[in-house]
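Listing of start.tsv, TSV, C-alpha atoms and all ligand atoms
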```
chain	number	residue	atom	x	y	z
A	1	MET	CA	-70.35	15.70	-23.36
A	2	THR	CA	-66.82	14.99	-24.56
A	3	ASP	CA	-65.15	11.77	-23.42
A	4	ASP	CA	-61.53	12.98	-23.22
A	5	LEU	CA	-62.23	15.16	-20.22
A	6	GLU	CA	-59.68	13.43	-18.00
A	7	ARG	CA	-56.91	14.20	-20.50
A	8	ARG	CA	-58.04	17.81	-20.91
A	9	PHE	CA	-58.22	18.20	-17.16
A	10	ASP	CA	-54.69	16.89	-16.88
A	11	ASP	CA	-53.40	19.22	-19.62
A	12	LEU	CA	-54.93	22.30	-18.06
A	13	TRP	CA	-53.89	21.29	-14.56
A	14	SER	CA	-50.30	20.71	-15.75
A	15	SER	CA	-50.12	24.24	-17.14
A	16	LEU	CA	-50.44	25.55	-13.56
A	17	ARG	CA	-48.51	22.86	-11.74
A	18	THR	CA	-45.09	24.48	-11.33
A	19	ILE	CA	-46.21	28.04	-10.61
A	20	GLY	CA	-45.30	28.89	-7.04
A	21	LEU	CA	-44.29	25.31	-6.19
A	22	SER	CA	-41.60	25.17	-3.51
A	23	ALA	CA	-38.95	22.52	-4.20
A	24	GLU	CA	-38.06	22.66	-0.52
A	25	SER	CA	-41.50	21.84	0.94
A	26	GLY	CA	-43.43	20.40	-1.99
A	27	GLY	CA	-46.14	22.94	-1.17
A	28	TYR	CA	-47.36	26.06	-2.95
A	29	ARG	CA	-46.39	29.61	-2.03
A	30	ARG	CA	-48.81	31.64	-4.07
A	31	PHE	CA	-49.26	34.92	-2.22
A	32	ALA	CA	-51.37	37.85	-3.35
A	33	TRP	CA	-49.82	40.53	-5.53
A	34	THR	CA	-46.38	38.88	-5.80
A	35	ALA	CA	-44.47	37.84	-8.94
A	36	VAL	CA	-45.93	34.33	-8.55
A	37	ASP	CA	-49.43	35.77	-8.33
A	38	ASP	CA	-48.72	37.75	-11.48
A	39	GLN	CA	-47.87	34.50	-13.32
A	40	LEU	CA	-51.13	32.97	-12.07
A	41	ARG	CA	-53.09	36.00	-13.18
A	42	ARG	CA	-51.45	35.89	-16.63
A	43	TRP	CA	-52.44	32.22	-16.84
A	44	PHE	CA	-56.07	33.13	-16.06
A	45	ARG	CA	-56.06	35.87	-18.70
A	46	GLU	CA	-54.59	33.52	-21.33
A	47	GLN	CA	-57.21	30.87	-20.55
A	48	ALA	CA	-59.97	33.45	-20.94
A	49	LEU	CA	-58.64	34.90	-24.19
A	50	SER	CA	-57.84	31.51	-25.74
A	51	ARG	CA	-61.54	30.63	-25.30
A	52	ASP	CA	-62.78	33.96	-26.73
A	53	LEU	CA	-64.24	34.90	-23.37
A	54	SER	CA	-64.25	38.60	-22.63
A	55	TYR	CA	-61.60	39.33	-20.01
A	56	LYS	CA	-61.99	42.05	-17.37
A	57	VAL	CA	-60.35	43.04	-14.10
A	58	ASP	CA	-62.93	44.54	-11.75
A	59	ARG	CA	-62.45	47.61	-9.53
A	60	ASN	CA	-61.04	45.43	-6.74
A	61	GLY	CA	-58.48	43.44	-8.72
A	62	ASN	CA	-60.62	40.31	-9.23
A	63	GLN	CA	-60.31	38.74	-12.69
A	64	TRP	CA	-63.39	37.86	-14.77
A	65	ALA	CA	-63.91	35.89	-17.98
A	66	TRP	CA	-67.39	36.33	-19.47
A	67	LEU	CA	-69.22	34.13	-21.93
A	68	GLY	CA	-71.84	36.47	-23.35
A	69	VAL	CA	-72.31	40.11	-22.48
A	70	PRO	CA	-72.09	40.83	-18.74
A	71	GLY	CA	-75.59	41.64	-17.54
A	72	GLU	CA	-78.31	41.00	-15.03
A	73	GLY	CA	-78.83	37.38	-13.97
A	74	GLY	CA	-75.34	36.16	-14.90
A	75	ILE	CA	-74.29	32.74	-13.62
A	76	VAL	CA	-70.83	33.00	-12.07
A	77	THR	CA	-68.43	30.27	-11.07
A	78	GLY	CA	-64.77	30.27	-10.01
A	79	SER	CA	-62.65	30.43	-6.89
A	80	HIS	CA	-59.11	31.65	-6.14
A	81	LEU	CA	-55.54	30.95	-7.28
A	82	ASP	CA	-53.62	32.07	-4.18
A	83	SER	CA	-52.53	29.67	-1.43
A	84	VAL	CA	-51.62	29.48	2.23
A	85	PRO	CA	-47.88	29.08	2.96
A	86	ASP	CA	-46.93	25.61	1.68
A	87	GLY	CA	-50.51	24.89	0.65
A	88	GLY	CA	-51.84	22.04	-1.45
A	89	ALA	CA	-52.49	22.20	-5.17
A	90	TYR	CA	-56.29	22.03	-5.11
A	91	ASP	CA	-57.56	24.58	-2.57
A	92	GLY	CA	-58.64	27.36	-4.93
A	93	PRO	CA	-57.19	26.40	-8.33
A	94	LEU	CA	-59.47	23.35	-8.59
A	95	GLY	CA	-62.47	25.70	-8.70
A	96	ILE	CA	-60.96	27.75	-11.52
A	97	VAL	CA	-59.61	24.90	-13.66
A	98	SER	CA	-62.95	23.09	-13.25
A	99	ALA	CA	-64.78	26.29	-14.18
A	100	PHE	CA	-62.91	26.71	-17.49
A	101	LEU	CA	-63.52	23.05	-18.37
A	102	ALA	CA	-67.18	23.21	-17.30
A	103	VAL	CA	-67.70	26.23	-19.54
A	104	ASP	CA	-66.06	24.24	-22.39
A	105	GLU	CA	-68.55	21.42	-21.69
A	106	LEU	CA	-71.44	23.85	-21.60
A	107	ARG	CA	-70.52	25.28	-24.99
A	108	ALA	CA	-70.19	21.78	-26.45
A	109	ARG	CA	-73.79	20.93	-25.51
A	110	ASP	CA	-76.76	21.29	-27.84
A	111	ARG	CA	-78.75	23.54	-25.51
A	112	PRO	CA	-78.22	27.28	-26.11
A	113	VAL	CA	-76.74	29.24	-23.22
A	114	THR	CA	-79.36	31.89	-22.50
A	115	ARG	CA	-77.72	33.78	-19.65
A	116	PRO	CA	-74.29	35.39	-19.34
A	117	VAL	CA	-71.83	33.03	-17.66
A	118	ALA	CA	-68.63	34.16	-15.96
A	119	ILE	CA	-65.54	32.64	-14.39
A	120	VAL	CA	-63.95	34.66	-11.60
A	121	ASN	CA	-60.57	34.53	-9.89
A	122	PHE	CA	-61.06	36.26	-6.55
A	123	ALA	CA	-57.90	38.06	-5.40
A	124	ASP	CA	-56.23	37.23	-2.10
A	125	GLU	CA	-58.65	34.64	-0.72
A	126	GLU	CA	-56.34	33.07	1.83
A	127	GLY	CA	-55.08	36.31	3.34
A	128	ALA	CA	-51.67	34.65	3.72
A	129	ARG	CA	-49.76	37.83	3.00
A	130	PHE	CA	-51.87	40.64	4.47
A	131	GLY	CA	-53.70	38.76	7.23
A	132	VAL	CA	-57.31	39.21	6.10
A	133	ALA	CA	-58.95	36.44	4.06
A	134	CYS	CA	-61.22	36.96	1.02
A	135	VAL	CA	-60.04	40.53	0.41
A	136	GLY	CA	-61.24	40.57	-3.22
A	137	SER	CA	-64.78	39.43	-2.42
A	138	ARG	CA	-64.97	41.50	0.78
A	139	LEU	CA	-64.06	44.64	-1.19
A	140	LEU	CA	-66.50	43.81	-4.01
A	141	THR	CA	-69.37	43.42	-1.53
A	142	GLY	CA	-68.37	46.36	0.68
A	143	VAL	CA	-67.71	44.10	3.71
A	144	LEU	CA	-64.16	45.48	3.85
A	145	ALA	CA	-63.77	49.26	3.61
A	146	PRO	CA	-61.25	50.47	1.00
A	147	HIS	CA	-59.29	52.54	3.55
A	148	ALA	CA	-58.95	49.51	5.84
A	149	ALA	CA	-57.82	47.32	2.94
A	150	ARG	CA	-55.25	49.85	1.72
A	151	ALA	CA	-53.62	49.96	5.15
A	152	LEU	CA	-53.19	46.18	5.54
A	153	THR	CA	-49.47	45.44	5.83
A	154	ASP	CA	-47.43	42.31	5.12
A	155	GLY	CA	-44.56	40.91	7.20
A	156	GLN	CA	-42.05	43.13	5.35
A	157	GLY	CA	-43.99	46.33	6.00
A	158	VAL	CA	-45.40	46.58	2.44
A	159	THR	CA	-48.98	47.86	2.43
A	160	LEU	CA	-51.73	46.32	0.31
A	161	GLU	CA	-52.01	49.71	-1.37
A	162	GLU	CA	-48.35	49.55	-2.43
A	163	ALA	CA	-48.58	45.90	-3.50
A	164	MET	CA	-51.74	46.39	-5.58
A	165	THR	CA	-50.40	49.60	-7.11
A	166	SER	CA	-47.19	47.86	-8.21
A	167	ALA	CA	-49.36	45.14	-9.74
A	168	GLY	CA	-51.12	47.81	-11.80
A	169	VAL	CA	-54.45	48.04	-9.92
A	170	ASP	CA	-55.91	51.54	-9.61
A	171	ILE	CA	-56.18	51.77	-5.84
A	172	ALA	CA	-58.55	54.75	-6.04
A	173	SER	CA	-61.23	52.51	-7.54
A	174	LEU	CA	-61.47	50.00	-4.66
A	175	GLY	CA	-64.85	49.51	-3.03
A	176	ARG	CA	-68.31	48.00	-3.22
A	177	ASP	CA	-69.27	47.46	-6.84
A	178	ASP	CA	-73.07	47.48	-7.14
A	179	PRO	CA	-73.23	47.30	-10.96
A	180	LEU	CA	-71.06	44.16	-10.92
A	181	LEU	CA	-73.02	42.62	-8.02
A	182	GLY	CA	-76.14	43.33	-10.07
A	183	HIS	CA	-74.74	41.10	-12.83
A	184	ILE	CA	-74.44	38.09	-10.52
A	185	GLY	CA	-77.68	36.12	-10.57
A	186	ALA	CA	-75.99	33.20	-8.80
A	187	PHE	CA	-72.46	32.26	-7.74
A	188	VAL	CA	-71.43	28.59	-7.60
A	189	GLU	CA	-67.94	27.80	-6.27
A	190	LEU	CA	-66.45	24.34	-6.71
A	191	HIS	CA	-63.83	23.48	-4.07
A	192	ILE	CA	-61.81	20.54	-2.88
A	193	GLU	CA	-63.35	19.17	0.31
A	194	GLN	CA	-61.31	20.06	3.39
A	195	GLY	CA	-62.20	16.99	5.41
A	196	ARG	CA	-63.24	13.38	4.99
A	197	ALA	CA	-67.04	13.53	4.91
A	198	LEU	CA	-67.35	12.58	1.22
A	199	ASP	CA	-64.83	9.78	1.57
A	200	ASP	CA	-66.80	8.43	4.52
A	201	VAL	CA	-69.96	8.16	2.44
A	202	ASP	CA	-68.09	7.15	-0.73
A	203	ALA	CA	-69.33	10.07	-2.84
A	204	PRO	CA	-67.19	12.04	-5.32
A	205	VAL	CA	-69.18	15.29	-5.05
A	206	GLY	CA	-71.26	17.06	-2.38
A	207	VAL	CA	-73.13	20.33	-1.92
A	208	ALA	CA	-72.50	22.82	0.90
A	209	THR	CA	-75.22	23.81	3.34
A	210	GLY	CA	-73.35	26.47	5.31
A	211	ILE	CA	-70.13	27.78	6.83
A	212	TRP	CA	-69.37	28.16	10.52
A	213	PRO	CA	-68.80	31.72	11.78
A	214	HIS	CA	-65.10	32.38	12.24
A	215	GLY	CA	-62.45	35.04	12.73
A	216	ARG	CA	-58.82	35.94	13.33
A	217	TRP	CA	-57.50	37.72	16.44
A	218	LEU	CA	-54.00	39.03	17.16
A	219	PHE	CA	-52.89	38.33	20.74
A	220	ALA	CA	-49.88	40.58	21.49
A	221	PHE	CA	-47.90	40.00	24.70
A	222	THR	CA	-45.25	42.58	25.65
A	223	GLY	CA	-42.63	41.90	28.31
A	224	GLU	CA	-38.95	42.66	28.70
A	225	ALA	CA	-35.96	41.29	26.76
A	226	ASN	CA	-33.18	39.96	28.99
A	227	HIS	CA	-30.39	37.40	29.21
A	228	ALA	CA	-31.46	33.72	29.34
A	229	GLY	CA	-28.46	32.73	31.46
A	230	THR	CA	-28.39	35.50	34.07
A	231	THR	CA	-31.94	36.74	34.69
A	232	ARG	CA	-33.44	35.20	37.82
A	233	LEU	CA	-36.84	33.62	37.27
A	234	ALA	CA	-38.39	36.03	39.78
A	235	ASP	CA	-37.11	39.02	37.79
A	236	ARG	CA	-38.39	37.92	34.39
A	237	ARG	CA	-41.22	39.50	32.41
A	238	ASP	CA	-41.39	36.74	29.82
A	239	PRO	CA	-44.25	37.10	27.28
A	240	MET	CA	-43.77	33.49	26.15
A	241	LEU	CA	-45.41	32.23	29.36
A	242	PRO	CA	-48.81	33.93	29.02
A	243	PHE	CA	-48.73	33.14	25.33
A	244	ALA	CA	-48.23	29.42	26.08
A	245	LEU	CA	-51.01	29.49	28.70
A	246	THR	CA	-53.30	31.20	26.19
A	247	VAL	CA	-52.67	28.48	23.59
A	248	LEU	CA	-53.65	25.86	26.18
A	249	SER	CA	-56.70	27.84	27.28
A	250	ALA	CA	-57.87	28.19	23.64
A	251	ARG	CA	-57.47	24.48	23.10
A	252	SER	CA	-59.31	23.32	26.21
A	253	ARG	CA	-62.08	25.91	26.03
A	254	SER	CA	-62.74	25.21	22.35
A	255	ALA	CA	-62.75	21.46	22.99
A	256	MET	CA	-65.40	21.94	25.70
A	257	ALA	CA	-67.51	24.12	23.36
A	258	GLY	CA	-67.19	21.82	20.32
A	259	ALA	CA	-65.34	24.63	18.52
A	260	LEU	CA	-61.97	24.83	16.73
A	261	ALA	CA	-59.21	27.11	18.02
A	262	THR	CA	-55.80	27.28	16.36
A	263	PHE	CA	-52.65	29.32	16.96
A	264	GLY	CA	-50.79	28.51	13.73
A	265	ARG	CA	-48.72	31.67	13.38
A	266	VAL	CA	-46.39	33.25	15.91
A	267	ARG	CA	-43.91	36.14	15.81
A	268	VAL	CA	-41.29	36.34	18.54
A	269	VAL	CA	-39.16	39.44	19.07
A	270	PRO	CA	-36.16	39.35	18.98
A	271	ASN	CA	-36.37	35.55	18.43
A	272	ALA	CA	-33.07	34.58	20.07
A	273	THR	CA	-32.34	31.18	21.63
A	274	ASN	CA	-30.38	32.73	24.51
A	275	GLY	CA	-32.70	35.65	25.15
A	276	ILE	CA	-36.02	36.18	26.89
A	277	ALA	CA	-38.41	37.60	24.31
A	278	SER	CA	-39.59	41.19	24.56
A	279	ARG	CA	-42.76	40.44	22.62
A	280	VAL	CA	-44.76	37.49	21.38
A	281	ASP	CA	-47.55	37.91	18.85
A	282	GLY	CA	-49.83	34.95	18.21
A	283	TRP	CA	-52.75	34.80	15.80
A	284	LEU	CA	-55.84	32.93	16.94
A	285	ASP	CA	-58.04	31.39	14.25
A	286	LEU	CA	-61.34	30.49	15.89
A	287	ARG	CA	-64.41	28.80	14.39
A	288	ALA	CA	-67.61	27.65	16.07
A	289	SER	CA	-70.99	26.31	15.07
A	290	ASP	CA	-72.81	29.51	16.06
A	291	GLU	CA	-72.02	33.17	16.64
A	292	GLY	CA	-72.92	33.13	20.35
A	293	THR	CA	-70.45	30.34	21.08
A	294	LEU	CA	-67.77	32.12	19.04
A	295	ALA	CA	-68.24	35.42	20.93
A	296	THR	CA	-68.27	33.72	24.34
A	297	LEU	CA	-65.11	31.79	23.53
A	298	VAL	CA	-63.19	34.83	22.29
A	299	GLN	CA	-64.08	36.69	25.48
A	300	ALA	CA	-63.05	33.76	27.70
A	301	ILE	CA	-59.72	33.24	25.90
A	302	THR	CA	-59.06	37.00	26.05
A	303	ASP	CA	-59.76	37.04	29.79
A	304	ASP	CA	-57.38	34.11	30.29
A	305	ALA	CA	-54.68	35.88	28.25
A	306	VAL	CA	-55.01	39.13	30.20
A	307	SER	CA	-54.93	37.34	33.53
A	308	ALA	CA	-51.92	35.14	32.57
A	309	ALA	CA	-50.12	38.27	31.34
A	310	ALA	CA	-50.75	40.13	34.62
A	311	THR	CA	-49.43	37.18	36.65
A	312	ASN	CA	-46.20	37.32	34.64
A	313	GLY	CA	-45.65	41.10	34.62
A	314	VAL	CA	-46.56	41.29	30.94
A	315	THR	CA	-49.18	43.32	29.08
A	316	ALA	CA	-51.63	41.70	26.67
A	317	THR	CA	-53.72	43.30	23.93
A	318	VAL	CA	-56.19	41.49	21.69
A	319	THR	CA	-57.24	42.85	18.29
A	320	CYS	CA	-59.85	41.34	15.98
A	321	GLU	CA	-58.33	41.35	12.47
A	322	SER	CA	-61.34	39.85	10.68
A	323	SER	CA	-64.61	38.17	11.45
A	324	THR	CA	-67.10	36.38	9.25
A	325	PRO	CA	-70.67	35.63	10.34
A	326	ALA	CA	-72.36	32.26	9.94
A	327	VAL	CA	-73.35	31.42	6.37
A	328	VAL	CA	-76.45	29.48	5.37
A	329	PHE	CA	-76.37	28.97	1.62
A	330	ASP	CA	-79.46	29.87	-0.42
A	331	GLU	CA	-81.92	26.98	-0.08
A	332	GLU	CA	-83.64	27.52	-3.42
A	333	LEU	CA	-80.33	27.55	-5.29
A	334	ALA	CA	-79.10	24.50	-3.33
A	335	ALA	CA	-82.30	22.67	-4.30
A	336	ARG	CA	-81.71	23.45	-7.98
A	337	VAL	CA	-78.10	22.31	-7.69
A	338	GLN	CA	-79.23	19.09	-5.98
A	339	ALA	CA	-81.84	18.52	-8.71
A	340	ALA	CA	-79.21	19.01	-11.42
A	341	LEU	CA	-76.96	16.46	-9.73
A	342	GLY	CA	-79.65	13.93	-8.92
A	343	GLY	CA	-79.11	14.25	-5.17
A	344	VAL	CA	-75.65	14.27	-3.58
A	345	PRO	CA	-74.52	14.53	0.07
A	346	ALA	CA	-75.03	17.91	1.75
A	347	LEU	CA	-72.25	19.12	4.07
A	348	SER	CA	-71.46	22.12	6.23
A	349	THR	CA	-67.89	23.31	6.64
A	350	GLY	CA	-65.68	25.26	8.99
A	351	ALA	CA	-63.59	26.65	6.13
A	352	GLY	CA	-64.07	30.18	4.80
A	353	HIS	CA	-64.75	30.85	1.11
A	354	ASP	CA	-65.53	33.72	-1.26
A	355	ALA	CA	-68.92	32.02	-1.79
A	356	GLY	CA	-69.58	32.63	1.91
A	357	ILE	CA	-68.82	36.34	1.57
A	358	LEU	CA	-70.97	36.64	-1.56
A	359	SER	CA	-73.86	34.70	-0.01
A	360	ALA	CA	-75.00	37.73	1.99
A	361	HIS	CA	-75.47	39.67	-1.28
A	362	VAL	CA	-76.36	37.19	-4.05
A	363	PRO	CA	-77.61	33.58	-4.10
A	364	ALA	CA	-74.52	31.39	-3.67
A	365	ALA	CA	-73.79	27.68	-3.57
A	366	MET	CA	-70.77	25.42	-3.30
A	367	LEU	CA	-69.84	22.02	-4.68
A	368	PHE	CA	-67.21	19.95	-2.88
A	369	VAL	CA	-65.01	17.35	-4.56
A	370	ARG	CA	-63.80	14.39	-2.48
A	371	ASN	CA	-60.35	14.78	-0.94
A	372	ARG	CA	-58.88	11.32	-0.43
A	373	SER	CA	-56.49	12.35	2.35
A	374	GLY	CA	-58.99	14.69	4.01
A	375	VAL	CA	-55.99	16.99	4.65
A	376	SER	CA	-56.10	20.65	3.61
A	377	HIS	CA	-53.81	23.69	3.77
A	378	SER	CA	-50.98	21.21	3.26
A	379	PRO	CA	-49.32	19.52	0.27
A	380	ALA	CA	-50.99	16.28	1.45
A	381	GLU	CA	-54.30	17.40	-0.12
A	382	GLN	CA	-55.27	14.64	-2.57
A	383	ALA	CA	-57.91	13.95	-5.22
A	384	ASP	CA	-58.51	11.02	-7.60
A	385	PRO	CA	-58.53	11.80	-11.36
A	386	ALA	CA	-62.01	10.26	-11.64
A	387	ASP	CA	-63.31	12.59	-8.90
A	388	LEU	CA	-61.78	15.65	-10.58
A	389	VAL	CA	-63.64	14.80	-13.76
A	390	ALA	CA	-66.82	14.10	-11.77
A	391	GLY	CA	-66.45	17.59	-10.30
A	392	VAL	CA	-66.21	19.22	-13.74
A	393	ARG	CA	-69.23	17.24	-14.96
A	394	ALA	CA	-71.21	18.22	-11.88
A	395	LEU	CA	-70.33	21.88	-12.33
A	396	ALA	CA	-71.22	21.73	-16.04
A	397	ALA	CA	-74.59	20.18	-15.13
A	398	VAL	CA	-75.25	22.94	-12.61
A	399	LEU	CA	-74.27	25.66	-15.10
A	400	ALA	CA	-76.58	24.08	-17.69
A	401	GLU	CA	-79.44	24.01	-15.17
A	402	LEU	CA	-78.93	27.67	-14.29
A	403	ALA	CA	-77.82	29.23	-17.57
A	404	CYS	CA	-79.66	27.29	-20.29
A	405	GLN	CA	-83.40	27.92	-20.05
B	501	LIG	C1	-59.70	29.54	4.09
B	501	LIG	O1	-59.31	28.52	3.54
B	501	LIG	C2	-59.97	29.51	5.50
B	501	LIG	O2	-60.94	28.85	5.90
B	501	LIG	O3	-59.19	30.08	6.25
B	502	MN	MN	-57.95	27.63	1.96
B	503	MN	MN	-60.10	27.90	-0.85
```
Mind turning the file's structure into C-alpha cells?
Amino acid sequence: MTDDLERRFDDLWSSLRTIGLSAESGGYRRFAWTAVDDQLRRWFREQALSRDLSYKVDRNGNQWAWLGVPGEGGIVTGSHLDSVPDGGAYDGPLGIVSAFLAVDELRARDRPVTRPVAIVNFADEEGARFGVACVGSRLLTGVLAPHAARALTDGQGVTLEEAMTSAGVDIASLGRDDPLLGHIGAFVELHIEQGRALDDVDAPVGVATGIWPHGRWLFAFTGEANHAGTTRLADRRDPMLPFALTVLSARSRSAMAGALATFGRVRVVPNATNGIASRVDGWLDLRASDEGTLATLVQAITDDAVSAAATNGVTATVTCESSTPAVVFDEELAARVQAALGGVPALSTGAGHDAGILSAHVPAAMLFVRNRSGVSHSPAEQADPADLVAGVRALAAVLAELACQ
C-alpha cells in the first residue's frame, strides 16, 4: 500500500473540481448528455487510458475501464459523474475517483489479480435532466424499455434520443445487455453517505444493507389563467390551491407513516406574479420503508389531490414517472465485504443508486464514506481527507478480497 494516497487523491480530485461548478451557487450542474457531461466523460476516458485500462462505451452509453479481459466473474466498481441541480462534489464522483485509486492500489499489491476488474461510469444517474433516475443502469438491466427512454424529454423539449445521438451514442443499440451483465460477477459502489449515521457512531466507512422503495410522480393541476387584480375569488379556478393542499397532505401523511415525501420541483404556467396560473405541475418524490406503505401513501395523496382539485374547479392528473422496488443487498457479498473490512457499521438508506438497480440482476454491495455535514444533494456535502483515503483503502481491500484468489 502506498503512503502518499492522500496527495494522489487530492490530485485526481482536483482534476475534476471545476467541471460543471457554478460560480453563482457553488454547486455542481452536471447534467446528462450536455457539454459539461462530455468533459466529464472525456476525463473518465483519459483516466482509463492513462492507466492502460481498456476503455469501452457499452450499448447504453455507460463508460467502462477494464483491467484484464472482460469476462465472466468480473469485479466491477464505480458510480456516476452527473449531479442534481446545484449538487455537492461527492455524490457520484467520489465512487469513480475512489475506484481509479483503488485499482491503482490493487495493482501495487503483491497478490496477482485473478479476475477481470472494471470501473464504470453509469450515465444519467440523477435523472436531473430527463426526470428518470439511473437511466444507464436501468437500460443495461432492461428495467427501462429503450422506446420509453428515447421518448424522455427535458425542460427544453429535447428528447433523450436527440441528446444521446448528438453525444455520439448509437440510439438503435439501447437495451438490456445480457453479455455485459454476464461479465459482472459482483458490483461494489462506493458513495458518500447521505446522512449522519456514520458520524453518529464515529466510523469513516460503512456497508449498505438495503434501499427503501421509492418513486417519482407528476401531479398536474389544470385550472384557468386570469387577472390577479380583477377576478373574484368565487370565480377563480386556481390550480395553485389544490397543489398547496397536496403538498401539505403529502407531508402530514408521510410523517404519520414514517415515510419521506418531497415536492422539490414545480412548474407554474404562465408563472406571472399578477396572474392566476393556468397550470401547476409538481413532482412528488416519495420513499418508504416498505412497498405496501409506499403504495398506500401514493393512493392517499392522489385521492387528496383529486378531491382538492374538484373543490377548486380544477382537474388533477397523477402520472408515475419512475418507481424502484425495495432493495436488499446480497447477504453473502455483504459478509465478504464486512470480512475484508474487519467489521464496519451496516446501514440502510433512502437514497437510490445504480447498485440498487443492478442488485436485482447481479450480486451488489455498497460502501458509504462518512459525510461530516450529513447534507446531500447540496454543496454543503462534506468529507474529511482522512475519510476519503479510508474509503479508497476500504474499496481496495474489498477488490482484493473479491478479485485476487
Ligand atoms: C439519487 O440520489 C436519489 O436518491 O434520488
Ligand atoms: Mn444523488
Ligand atoms: Mn449518487
Near Val117 in chain A, within 6 Å and counting only C-alpha atoms, which residues show up once chain neighbours fewer than 2 positions away are dropped, as a tab-separated table (two decimals) with C-alpha atoms, in the coordinates of the input?
```
chain	number	residue	atom	x	y	z
A	66	TRP	CA	-67.39	36.33	-19.47
A	67	LEU	CA	-69.22	34.13	-21.93
A	74	GLY	CA	-75.34	36.16	-14.90
A	75	ILE	CA	-74.29	32.74	-13.62
A	76	VAL	CA	-70.83	33.00	-12.07
```
For this session: State, in Å with one decimal place, the distance from CA of Gly343 in chain A to CA of Pro363 in chain A.
Result: 19.4 Å
For this session: Using only C-alpha atoms, pick whichever of A:Pro239, A:Gly26, A:Gly88, A:Pro116 has the shortest atom-to-atom distance to Val69 in chain A.
Result: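 Looking at the shortest contact to Val69 in chain A, the residue is A:Pro116.
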For this session: Write as a list in words the residues around ligand MN 503 (chain B), taking 6 Å as the cut-off and counting all atoms listed in the file.
Result: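 Written in the requested form, the residues are Asp91, Gly92 and His353 of chain A.
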For this session: Return as a list in words every polymer residue, whether protein, DNA or RNA, with at least one atom no more than 7 Å from an atom of ligand LIG 501 (chain B); count all atoms listed in the file.
Result: Glu126, Ala133, Gly350, Ala351, Gly352 and His353 of chain A
Emit the selected residues as a tab-separated table (two decimals), in the coordinates of the input, including C-alpha atoms.
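Saved result, result-v8.tsv, follows:
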```
chain	number	residue	atom	x	y	z
A	126	GLU	CA	-56.34	33.07	1.83
A	133	ALA	CA	-58.95	36.44	4.06
A	350	GLY	CA	-65.68	25.26	8.99
A	351	ALA	CA	-63.59	26.65	6.13
A	352	GLY	CA	-64.07	30.18	4.80
A	353	HIS	CA	-64.75	30.85	1.11
```
Exercise. Please, which residues have at least one atom within 12 Å of an atom of ligand MN 502 (chain B), using all atoms listed in the file, listed as a PyMOL selection string?
Worked result: chain A and resi 28+30+79-95+124-128+133-134+191-195+349-354+375-379+381
Exercise. For Trp13 in chain A, which residue among A:Val269, A:Ala261, A:Val135, A:Val97 is the nearest when counting only C-alpha atoms?
Worked result: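 Once distances to Trp13 in chain A are computed over only C-alpha atoms, the minimum belongs to A:Val97.
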Problem set entry | Which of A:Leu106, A:Ala225, A:Pro325, A:Trp43 sits closest to Ser14 in chain A [using all atoms listed in the file] |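 Nearest to Ser14 in chain A: A:Trp43.
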